[in-house]
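See below for the structure under consideration.
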Amino acid sequence: NWGPPAPRGEGERPNVCFVEWPNPVYVGGHWTPELIELAGGRHPLHPAAPGGGSGASFPVTHEAIVESDPDLIIVCPCGLDLKATRREVGEMAKHEWWNSLRAVKAGKVGLVDGDAMFNRPGPRLVDAAEWLAELF
């Protein structure tokens with residue numbers, strides 16, 4: 001019975017930074033912001049468009065990520081498996097901006113095999129939406 005989440009105040013919906021590419025940092029677009037919002041989160045760096053969907057992924061500055069102060073970061077690079085994703089997050093962890101993030105300090109960083117879950121249209125997007133709903 002998939003549908004919109006139960007009504008919650010904006011402050012109760014977790015602020016999610018969905019990293020689709022690590023360097024430069026691209027935030028998720030297309031269907032990803034809508035999946036996050038349907039699951040109960042917010043994606044302020046690239047919100048879903050009214051009526052659903054969103055534009056393409058795009059690069060954001062480290063400053064924009066720090067300013068958004070996400071509750072949760074999902075790192076889900078297109079074309080990288082989990083081993084490569086871990087390596088990329090290790091590179092990000094060498095930077096002060098990354099380590100200053102509330103989500104990083106709290107251990108709220110999820111690594112996902114992008115091609116297996118989010119980055120390709122198809123039935124696995126249902127699994128991705130259910131996974132997100134369990135996180136929130």
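How things are named: the first chain in the structure tokens is A, the next is B, and so on; residues count from 1 in each chain; ligands count from 1 in the order shown.
The set of residues in range 5-92 of chain A assigned to alpha helix (DSSP H) by DSSP, using only backbone atoms of this structure, is Thr32, Pro33, Glu34, Leu35, Ile36, Glu37, Leu38, Ala39, His62, Glu63, Ala64, Ile65, Val66, Glu67, Ser68, Leu82, Lys83, Ala84, Thr85, Arg86, Arg87, Glu88, Val89, Gly90, Glu91 and Met92 of chain A.
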Using only N, CA, C and O atoms, please write the residues we just selected to a file, as a compact mmCIF listing (two decimals), in the first residue's frame.
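Okay, out_2.txt is ready:
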```
# COMPACT_ATOMS: atom_id res chain seq x y z
N THR A 32 14.90 10.56 -8.01
CA THR A 32 15.41 10.40 -6.65
C THR A 32 14.80 11.38 -5.65
O THR A 32 14.38 10.95 -4.57
N PRO A 33 14.72 12.69 -5.93
CA PRO A 33 14.10 13.59 -4.94
C PRO A 33 12.66 13.20 -4.61
O PRO A 33 12.24 13.28 -3.45
N GLU A 34 11.92 12.76 -5.61
CA GLU A 34 10.54 12.34 -5.36
C GLU A 34 10.49 11.09 -4.48
O GLU A 34 9.65 10.99 -3.59
N LEU A 35 11.39 10.13 -4.74
CA LEU A 35 11.43 8.93 -3.89
C LEU A 35 11.71 9.31 -2.45
O LEU A 35 11.09 8.79 -1.52
N ILE A 36 12.66 10.23 -2.24
CA ILE A 36 13.01 10.67 -0.89
C ILE A 36 11.79 11.30 -0.22
O ILE A 36 11.48 11.00 0.93
N GLU A 37 11.09 12.16 -0.94
CA GLU A 37 9.93 12.84 -0.37
C GLU A 37 8.78 11.87 -0.12
O GLU A 37 8.12 11.95 0.91
N LEU A 38 8.53 10.93 -1.03
CA LEU A 38 7.48 9.94 -0.82
C LEU A 38 7.77 9.06 0.40
O LEU A 38 6.85 8.63 1.10
N ALA A 39 9.05 8.80 0.64
CA ALA A 39 9.45 7.96 1.77
C ALA A 39 9.41 8.72 3.10
O ALA A 39 9.54 8.11 4.16
N HIS A 62 30.74 22.34 -1.90
CA HIS A 62 30.87 21.81 -0.54
C HIS A 62 30.20 22.75 0.45
O HIS A 62 29.57 22.30 1.42
N GLU A 63 30.29 24.04 0.18
CA GLU A 63 29.67 25.03 1.06
C GLU A 63 28.15 24.85 1.11
O GLU A 63 27.54 25.00 2.17
N ALA A 64 27.54 24.55 -0.03
CA ALA A 64 26.08 24.34 -0.06
C ALA A 64 25.70 23.12 0.77
O ALA A 64 24.68 23.13 1.46
N ILE A 65 26.51 22.08 0.72
CA ILE A 65 26.23 20.88 1.51
C ILE A 65 26.36 21.19 3.00
O ILE A 65 25.49 20.84 3.80
N VAL A 66 27.44 21.89 3.37
CA VAL A 66 27.64 22.27 4.77
C VAL A 66 26.48 23.14 5.25
O VAL A 66 25.94 22.93 6.33
N GLU A 67 26.08 24.09 4.43
CA GLU A 67 24.98 24.98 4.80
C GLU A 67 23.66 24.23 4.97
O GLU A 67 22.85 24.55 5.83
N SER A 68 23.44 23.21 4.15
CA SER A 68 22.18 22.45 4.26
C SER A 68 22.16 21.56 5.51
O SER A 68 21.09 21.17 5.95
N LEU A 82 29.93 -1.18 -4.31
CA LEU A 82 30.14 -0.74 -2.93
C LEU A 82 31.62 -0.58 -2.57
O LEU A 82 31.97 0.34 -1.83
N LYS A 83 32.46 -1.44 -3.09
CA LYS A 83 33.90 -1.32 -2.80
C LYS A 83 34.43 0.02 -3.32
O LYS A 83 35.14 0.73 -2.60
N ALA A 84 34.08 0.37 -4.53
CA ALA A 84 34.53 1.64 -5.11
C ALA A 84 33.89 2.83 -4.38
O ALA A 84 34.53 3.86 -4.17
N THR A 85 32.63 2.66 -3.97
CA THR A 85 31.95 3.73 -3.22
C THR A 85 32.64 3.97 -1.89
O THR A 85 32.86 5.12 -1.50
N ARG A 86 33.01 2.90 -1.19
CA ARG A 86 33.75 3.04 0.08
C ARG A 86 35.05 3.80 -0.15
O ARG A 86 35.42 4.65 0.66
N ARG A 87 35.73 3.49 -1.22
CA ARG A 87 37.00 4.16 -1.54
C ARG A 87 36.76 5.66 -1.76
O ARG A 87 37.50 6.49 -1.25
N GLU A 88 35.70 5.99 -2.47
CA GLU A 88 35.38 7.41 -2.73
C GLU A 88 35.01 8.14 -1.45
O GLU A 88 35.41 9.30 -1.25
N VAL A 89 34.25 7.49 -0.57
CA VAL A 89 33.90 8.12 0.70
C VAL A 89 35.16 8.31 1.54
O VAL A 89 35.31 9.33 2.24
N GLY A 90 36.09 7.38 1.45
CA GLY A 90 37.38 7.54 2.14
C GLY A 90 38.11 8.79 1.66
O GLY A 90 38.73 9.50 2.46
N GLU A 91 38.03 9.07 0.37
CA GLU A 91 38.64 10.29 -0.18
C GLU A 91 37.91 11.53 0.34
O GLU A 91 38.53 12.54 0.68
N MET A 92 36.57 11.48 0.39
CA MET A 92 35.81 12.61 0.90
C MET A 92 36.15 12.87 2.37
O MET A 92 36.19 14.02 2.81
```
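Among A:Gly122, A:Gly41, A:Pro70, A:Gly28, the residue with the shortest atom-to-atom distance to Ser54 in chain A, counting only C-alpha atoms, is A:Gly28.
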>> Considering only strand (DSSP E or B) as DSSP defines it on the backbone, what residues of range 57-112 of chain A qualify? List them as a list in words.
In response: Phe58, Pro59, Leu72, Ile73, Ile74, Val75, Val109, Gly110 and Leu111 of chain A
Selected residues written out, C-alpha atoms, as a JSON list (two decimals), in the first residue's frame:
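Ended up saving to out_27.json:
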```
[["chain", "number", "residue", "atom", "x", "y", "z"],
["A", 58, "PHE", "CA", 23.87, 18.64, -10.92],
["A", 59, "PRO", "CA", 27.03, 19.62, -9.05],
["A", 72, "LEU", "CA", 21.44, 11.80, 6.64],
["A", 73, "ILE", "CA", 23.77, 11.38, 3.67],
["A", 74, "ILE", "CA", 23.28, 8.66, 1.08],
["A", 75, "VAL", "CA", 26.26, 8.08, -1.19],
["A", 109, "VAL", "CA", 26.09, 8.05, 6.10],
["A", 110, "GLY", "CA", 24.68, 5.23, 3.99],
["A", 111, "LEU", "CA", 26.55, 3.69, 1.07]]
```
> At what distance in Å, to one decimal, does CA of Ala56 in chain A lie from CA of Asp69 in chain A?
Replying inline: 22.2 Å
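Take CA of His43 in chain A and CA of Ala116 in chain A: the distance between them is 20.9 Å.
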